[in-house]
Structure formats: structure tokens, C-alpha cells
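To be precise, the following lines are target_2.csv, and they hold CSV, C-alpha atoms and all ligand atoms.
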chain,number,residue,atom,x,y,z
A,1,MET,CA,7.0,-8.8,-3.4
A,2,LYS,CA,5.1,-5.6,-3.1
A,3,ALA,CA,2.2,-4.7,-0.9
A,4,LEU,CA,-0.5,-2.0,-0.9
A,5,LEU,CA,-1.1,-0.5,2.5
A,6,LEU,CA,-4.5,1.2,2.9
A,7,ILE,CA,-4.3,3.7,5.8
A,8,ASP,CA,-7.5,4.6,7.8
A,9,ILE,CA,-10.0,4.9,4.9
A,10,GLN,CA,-12.8,5.2,7.5
A,11,ASN,CA,-16.0,7.2,7.7
A,12,ASP,CA,-14.8,9.6,10.4
A,13,PHE,CA,-12.1,10.8,7.9
A,14,MET,CA,-14.6,11.3,5.1
A,15,PRO,CA,-16.4,14.6,4.5
A,16,GLY,CA,-19.2,14.8,7.1
A,17,GLY,CA,-17.1,12.6,9.5
A,18,ALA,CA,-15.9,13.6,13.0
A,19,LEU,CA,-12.3,14.4,11.7
A,20,ALA,CA,-13.0,15.0,8.1
A,21,VAL,CA,-10.1,15.2,5.7
A,22,PRO,CA,-10.8,17.5,2.8
A,23,GLY,CA,-11.4,15.4,-0.4
A,24,GLY,CA,-11.0,12.2,1.6
A,25,ASP,CA,-13.9,10.6,-0.4
A,26,GLU,CA,-12.1,11.3,-3.7
A,27,ILE,CA,-9.4,8.7,-3.0
A,28,VAL,CA,-11.8,5.7,-2.7
A,29,ALA,CA,-12.4,5.1,-6.4
A,30,ILE,CA,-8.6,5.5,-7.1
A,31,VAL,CA,-7.7,3.1,-4.3
A,32,ASN,CA,-10.2,0.5,-5.5
A,33,GLN,CA,-8.6,0.6,-9.0
A,34,LEU,CA,-5.2,0.5,-7.5
A,35,GLN,CA,-6.0,-2.7,-5.5
A,36,LEU,CA,-6.4,-4.6,-8.7
A,37,ARG,CA,-2.7,-4.1,-9.4
A,38,PHE,CA,-1.6,-5.7,-6.2
A,39,GLU,CA,-1.3,-9.3,-5.1
A,40,LEU,CA,-1.3,-8.3,-1.4
A,41,VAL,CA,-3.4,-5.5,0.1
A,42,VAL,CA,-3.6,-4.8,3.9
A,43,ALA,CA,-5.5,-2.1,5.7
A,44,THR,CA,-5.1,-0.2,8.9
A,45,GLN,CA,-8.0,1.0,11.1
A,46,ASP,CA,-7.9,3.7,13.7
A,47,TRP,CA,-9.7,2.1,16.6
A,48,HIS,CA,-9.9,4.1,19.8
A,49,PRO,CA,-11.6,3.4,23.1
A,50,GLN,CA,-14.0,6.2,24.1
A,51,ASN,CA,-11.6,7.4,26.9
A,52,HIS,CA,-8.7,7.8,24.5
A,53,LYS,CA,-6.3,10.6,25.6
A,54,SER,CA,-5.9,11.9,22.1
A,55,PHE,CA,-9.5,13.3,22.4
A,56,ALA,CA,-9.8,16.9,23.5
A,57,VAL,CA,-12.9,16.1,25.5
A,58,ASN,CA,-10.9,13.8,27.8
A,59,HIS,CA,-8.8,16.8,29.0
A,60,ALA,CA,-10.7,19.4,31.1
A,61,GLY,CA,-10.5,22.9,29.6
A,62,LYS,CA,-8.7,21.8,26.4
A,63,GLN,CA,-9.8,22.5,22.9
A,64,VAL,CA,-9.6,20.5,19.8
A,65,PHE,CA,-6.3,21.0,17.9
A,66,GLU,CA,-4.5,22.3,21.0
A,67,GLU,CA,-1.3,20.4,21.7
A,68,ILE,CA,-0.3,18.9,25.0
A,69,ASP,CA,2.3,16.7,26.5
A,70,LEU,CA,0.9,13.2,26.8
A,71,ASN,CA,3.1,10.8,28.8
A,72,GLY,CA,6.2,12.5,27.5
A,73,LEU,CA,5.1,12.9,23.9
A,74,ASN,CA,3.6,15.9,22.0
A,75,GLN,CA,0.0,15.2,21.3
A,76,VAL,CA,-2.5,17.1,19.1
A,77,LEU,CA,-5.9,16.9,20.7
A,78,TRP,CA,-8.5,15.6,18.2
A,79,PRO,CA,-12.3,15.5,18.1
A,80,ILE,CA,-13.7,12.2,19.2
A,81,HIS,CA,-13.2,9.9,16.2
A,82,CYS,CA,-13.0,6.3,15.2
A,83,VAL,CA,-14.4,4.9,18.4
A,84,GLN,CA,-14.3,1.1,18.5
A,85,GLY,CA,-17.6,-0.4,17.1
A,86,THR,CA,-19.1,2.9,15.9
A,87,LYS,CA,-20.2,3.8,12.4
A,88,GLY,CA,-17.4,6.4,12.2
A,89,ALA,CA,-14.8,3.7,12.7
A,90,GLU,CA,-16.1,1.6,9.9
A,91,PHE,CA,-14.3,1.6,6.5
A,92,SER,CA,-16.0,3.8,3.9
A,93,LYS,CA,-18.8,1.7,2.4
A,94,ASN,CA,-17.5,2.4,-1.1
A,95,LEU,CA,-14.1,0.9,-0.3
A,96,LEU,CA,-13.5,-2.5,-1.9
A,97,MET,CA,-12.7,-4.9,1.0
A,98,ASN,CA,-12.6,-8.3,-0.6
A,99,LYS,CA,-8.9,-8.0,-1.6
A,100,VAL,CA,-7.9,-6.9,1.9
A,101,GLU,CA,-6.0,-9.9,3.5
A,102,ALA,CA,-5.5,-8.4,6.9
A,103,ILE,CA,-6.6,-5.4,9.0
A,104,PHE,CA,-4.2,-3.9,11.6
A,105,ARG,CA,-6.0,-1.9,14.3
A,106,LYS,CA,-4.2,0.8,16.1
A,107,GLY,CA,-4.8,3.5,18.7
A,108,THR,CA,-6.4,1.0,21.1
A,109,ASP,CA,-4.3,2.0,24.1
A,110,SER,CA,-6.0,5.0,25.8
A,111,GLU,CA,-2.6,6.4,27.0
A,112,ILE,CA,-0.8,6.7,23.7
A,113,ASP,CA,-1.7,7.7,20.1
A,114,SER,CA,-0.7,5.6,17.1
A,115,TYR,CA,-0.4,7.3,13.7
A,116,SER,CA,1.7,4.7,12.1
A,117,GLY,CA,0.4,1.3,11.1
A,118,PHE,CA,3.6,-0.2,12.5
A,119,TYR,CA,4.1,1.3,16.0
A,120,ASP,CA,2.5,3.6,18.5
A,121,ASN,CA,3.8,7.2,18.6
A,122,GLY,CA,6.4,6.3,21.2
A,123,HIS,CA,7.6,3.2,19.4
A,124,ARG,CA,6.7,1.3,22.5
A,125,LYS,CA,4.5,-1.4,21.0
A,126,SER,CA,4.4,-2.9,17.6
A,127,THR,CA,1.3,-3.9,15.6
A,128,ALA,CA,3.3,-6.8,14.1
A,129,LEU,CA,2.8,-5.3,10.6
A,130,THR,CA,6.5,-5.6,9.9
A,131,GLU,CA,6.6,-9.3,10.8
A,132,TYR,CA,3.5,-9.9,8.8
A,133,LEU,CA,4.9,-8.2,5.7
A,134,LYS,CA,8.4,-9.8,6.0
A,135,GLY,CA,6.7,-13.2,6.5
A,136,LYS,CA,5.2,-12.7,3.1
A,137,GLN,CA,8.5,-11.7,1.5
A,138,VAL,CA,7.3,-8.1,1.0
A,139,THR,CA,10.2,-5.7,0.2
A,140,GLU,CA,8.2,-2.8,-1.2
A,141,VAL,CA,5.2,-1.0,0.2
A,142,TYR,CA,2.9,1.4,-1.6
A,143,ILE,CA,0.9,3.6,0.8
A,144,ALA,CA,-2.5,5.2,0.2
A,145,GLY,CA,-5.1,6.6,2.5
A,146,LEU,CA,-5.8,9.2,5.2
A,147,ALA,CA,-4.5,11.5,6.5
A,148,ALA,CA,-1.5,12.2,4.3
A,149,ASP,CA,0.2,14.5,7.0
A,150,TYR,CA,-0.5,12.1,9.9
A,151,CYS,CA,-1.1,8.4,9.6
A,152,VAL,CA,0.2,8.1,6.0
A,153,TYR,CA,3.3,10.1,6.9
A,154,TYR,CA,4.1,8.2,10.1
A,155,THR,CA,3.5,4.8,8.4
A,156,ALA,CA,5.9,5.8,5.6
A,157,LYS,CA,8.6,6.9,8.1
A,158,ASP,CA,8.4,3.6,9.9
A,159,ALA,CA,8.3,1.6,6.7
A,160,LEU,CA,11.6,3.3,5.7
A,161,GLU,CA,13.1,2.5,9.1
A,162,GLU,CA,11.9,-1.1,8.8
A,163,GLY,CA,13.8,-1.4,5.5
A,164,PHE,CA,11.0,-1.4,3.0
A,165,LYS,CA,11.3,0.4,-0.3
A,166,THR,CA,8.5,2.9,0.3
A,167,TYR,CA,6.2,4.6,-2.2
A,168,ILE,CA,3.5,7.2,-1.4
A,169,VAL,CA,0.7,7.1,-4.0
A,170,GLU,CA,0.1,10.9,-4.1
A,171,ASP,CA,-3.3,10.9,-5.9
A,172,ALA,CA,-4.5,8.3,-3.4
A,173,VAL,CA,-3.9,10.3,-0.3
A,174,ARG,CA,-5.4,13.6,1.2
A,175,ALA,CA,-4.1,15.8,4.0
A,176,ILE,CA,-5.7,17.5,6.9
A,177,ASN,CA,-3.2,20.4,6.4
A,178,GLN,CA,-1.6,21.0,3.1
A,179,ASP,CA,1.5,22.7,4.5
A,180,GLY,CA,1.9,19.8,6.9
A,181,PHE,CA,1.9,17.4,4.0
A,182,LYS,CA,4.4,19.4,2.1
A,183,LYS,CA,6.9,19.2,5.1
A,184,ALA,CA,6.1,15.5,5.5
A,185,LYS,CA,6.9,14.8,1.9
A,186,GLU,CA,10.2,16.7,2.2
A,187,ASP,CA,11.1,14.6,5.2
A,188,ILE,CA,10.2,11.2,3.8
A,189,THR,CA,11.7,11.8,0.4
A,190,ASN,CA,14.9,12.9,2.1
A,191,ASN,CA,14.9,9.6,3.8
A,192,GLY,CA,14.4,7.6,0.5
A,193,ALA,CA,10.6,7.5,0.0
A,194,ILE,CA,9.4,7.8,-3.6
A,195,ILE,CA,6.3,9.9,-4.5
A,196,ILE,CA,4.3,8.4,-7.4
A,197,ASP,CA,0.9,8.7,-9.0
A,198,SER,CA,-1.5,5.7,-9.3
A,199,THR,CA,-1.5,6.3,-13.1
A,200,SER,CA,2.2,5.2,-13.3
A,201,LEU,CA,1.4,1.8,-11.7
B,301,LIG,C1,-5.3,10.2,12.1
B,301,LIG,C2,-5.4,11.9,13.5
B,301,LIG,C3,-5.9,11.1,14.5
B,301,LIG,C4,-5.1,9.7,10.7
B,301,LIG,C5,-5.8,9.3,13.1
B,301,LIG,O1,-5.6,8.6,10.3
B,301,LIG,O2,-4.3,10.3,10.0
B,301,LIG,N1,-5.1,11.5,12.3
B,301,LIG,N2,-6.1,9.8,14.3
B,302,ZN,ZN,-7.0,8.7,15.8
Could you render the structure as C-alpha cells?
Ligand code: VGL
Ligand code: ZN
Amino acid sequence: MKALLLIDIQNDFMPGGALAVPGGDEIVAIVNQLQLRFELVVATQDWHPQNHKSFAVNHAGKQVFEEIDLNGLNQVLWPIHCVQGTKGAEFSKNLLMNKVEAIFRKGTDSEIDSYSGFYDNGHRKSTALTEYLKGKQVTEVYIAGLAADYCVYYTAKDALEEGFKTYIVEDAVRAINQDGFKKAKEDITNNGAIIIDSTSL
């Protein structure tokens, strides 16, 4: 069984959003088409409390995109984004949601960031996505969404570690930083991930 994982296709990652990913809106129509080819579709939703420590404003004197040590982990400081219950945290209004069977929210603990849909950045707590997918006999995951160099990348890394055959649908992702995505692709393909195009599905 294969599953399509839709990563953080939320307003704040769209052009005009708080943490806009260039071309983020361009994936929505592709993702909607792609969903029709899958029996199982699940989504993740970045879902932070206002006091989340990944937000630069919550560290006196720190600027957006600076890096700090947060409870022993390297942390990029982001603009305020995807705050629980806000418009920015909602899924893009153009995203087809009726096929999405489950939504996994992440980044809810103010002390630790969570890029992957499976675990927080310290692998301290699980979202139970693995158990959910394995309970449905899923062996292959196809990953689409935002941002390619952060949440898509870390979700793919964990998917590989959890033993799933892992595909990145390249035309259905967009990166914050192109160079970062190039390195991310090298890393995950070295670990067995497969990069494909939605047109080949
Ligand atoms: C993301 C940075 C911070 C993502 C989420 O969805 O890629 N990036 N929070
Ligand atoms: Zn976030």
C-alpha cells in the first residue's frame, strides 16, 4: 500500500504568507491532481503556540534566520508563522481536503521545533504517523509539500529510517533555499530516496 503525504501546505508558506516559500502556490494544483492517484492521503500541519522558541521574536536581540542553540539542538530562528488557530496556519484554500484521511499536527511544544511529520527535531516525541501508516499496511510513501529543504526533507529522512520506500515528488515541492534543497536531495537519495515527477505517476 502506498500513501501520499502532504507536508505543511499552509497559508503562511504561500506567497504573501509569514514564511513564504517561493512558488509555494504553484504546487497546489499539482498536488490536487496527484491526490486522485492515491487511496490514502494524509497531511501534516505546522501548528505552533505563540510562544514557540523557533520564533526570533521570542529571543531578545535575535534576528530572523539567525541560528541559535535551543535545548541542545541547532535552531534557525523563523518569523512568527503557523500559529495555532490563525489564518496563516490554515491549509491553502485551494488545497483539496476531502481525500485527506488524517491530519498530523506538529511543532506544538514551545521548547522544540518539529520539521518532520514523524518526530520532533530531537527525535524525542513521535507524532504516531509511523504507527498510523504501518497500521494501514503502508510500505511506500510519496512526499509533496513545503518546504522542500526543511519539512519535506526531514519527513523523507525519517520515512527512510522508519523503513518506508520513500519518494519525493519533485514538481510538487518548493524550497526556501535552492542550494539547501540540492544538498537535501543528495543526502536522501544517498540513503535510498527516489526523486520522481508527478507526471510519472
Ligand atoms: C517549516 C520552517 C519552520 C516547513 C516549518 O514547513 O518547512 N519550515 N517551520
Ligand atoms: Zn514551523
Handout entry: Surrounding residues as a PyMOL selection string, ligand ZN 302 (chain B), max 8 Å, only C-alpha atoms and all ligand atoms
Key = chain A and resi 46-48+54+78+81-82+107+113-115
Fill in the blank from the handout: For ligand LIG 301 (chain B), the closest of A:Lys87, A:Lys134, A:Lys99, A:Arg174 counting only C-alpha atoms and all ligand atoms is A:Arg174
Exercise for the section: Could you give me, as a PyMOL selection string, the residues within 12 Å of Gln35 in chain A, counting only C-alpha atoms and dropping anything in the same chain fewer than 5 positions from it? Expected result: chain A and resi 2-6+28-30+40-43+95-101+142-144+169+172+198+201
Practice task
Give as number ranges by chain the residues surrounding ligand LIG 301 (chain B) up to a distance of 10 Å, considering all atoms listed in the file.
Solution key: A: 7-10, 12-13, 19-21, 44-48, 54-55, 75-82, 106-107, 113-117, 145-155, 174-176
Exercise for the section: To one decimal in Å, tell me the separation between CA of Gly85 in chain A and CA of Thr108 in chain A. Expected result: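 Value for the CA of Gly85 in chain A-CA of Thr108 in chain A distance: 12.0 Å.
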Problem - d(CA of Gly24 in chain A, CA of Asp171 in chain A) in Å - result: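 Going from CA of Gly24 in chain A over to CA of Asp171 in chain A covers 10.8 Å.
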Handout entry: Interatomic distance, CA of Arg105 in chain A to CA of Thr127 in chain A (Å, one decimal)
Key =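 Spanning CA of Arg105 in chain A to CA of Thr127 in chain A is a straight-line distance of 7.7 Å.
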Handout entry: Top pick for closest residue to Ile112 in chain A, considering A:Thr86, A:Thr139, A:Ser126, A:Asn71 and counting all atoms listed in the file
Key = A:Asn71
Practice task
Would you mind telling me which residue in A:Leu160, A:Ile103, A:Met1, A:Leu129 lies nearest to Phe38 in chain A when using only C-alpha atoms?
Solution key: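 Nearest candidate to Phe38 in chain A out of A:Leu160, A:Ile103, A:Met1, A:Leu129: A:Met1.
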Problem - Residue among A:Gly88, A:Gly180, A:Gly163, A:Gly61 lying closest to Ala18 in chain A, counting all atoms listed in the file - result: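 Nearest to Ala18 in chain A: A:Gly88.
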Exercise for the section: Find, counting only C-alpha atoms, the residue in A:Met14, A:Glu170, A:Ile194, A:Glu67 that gets nearest to Glu90 in chain A. Expected result: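 Using only C-alpha atoms, the shortest distance to Glu90 in chain A belongs to A:Met14.
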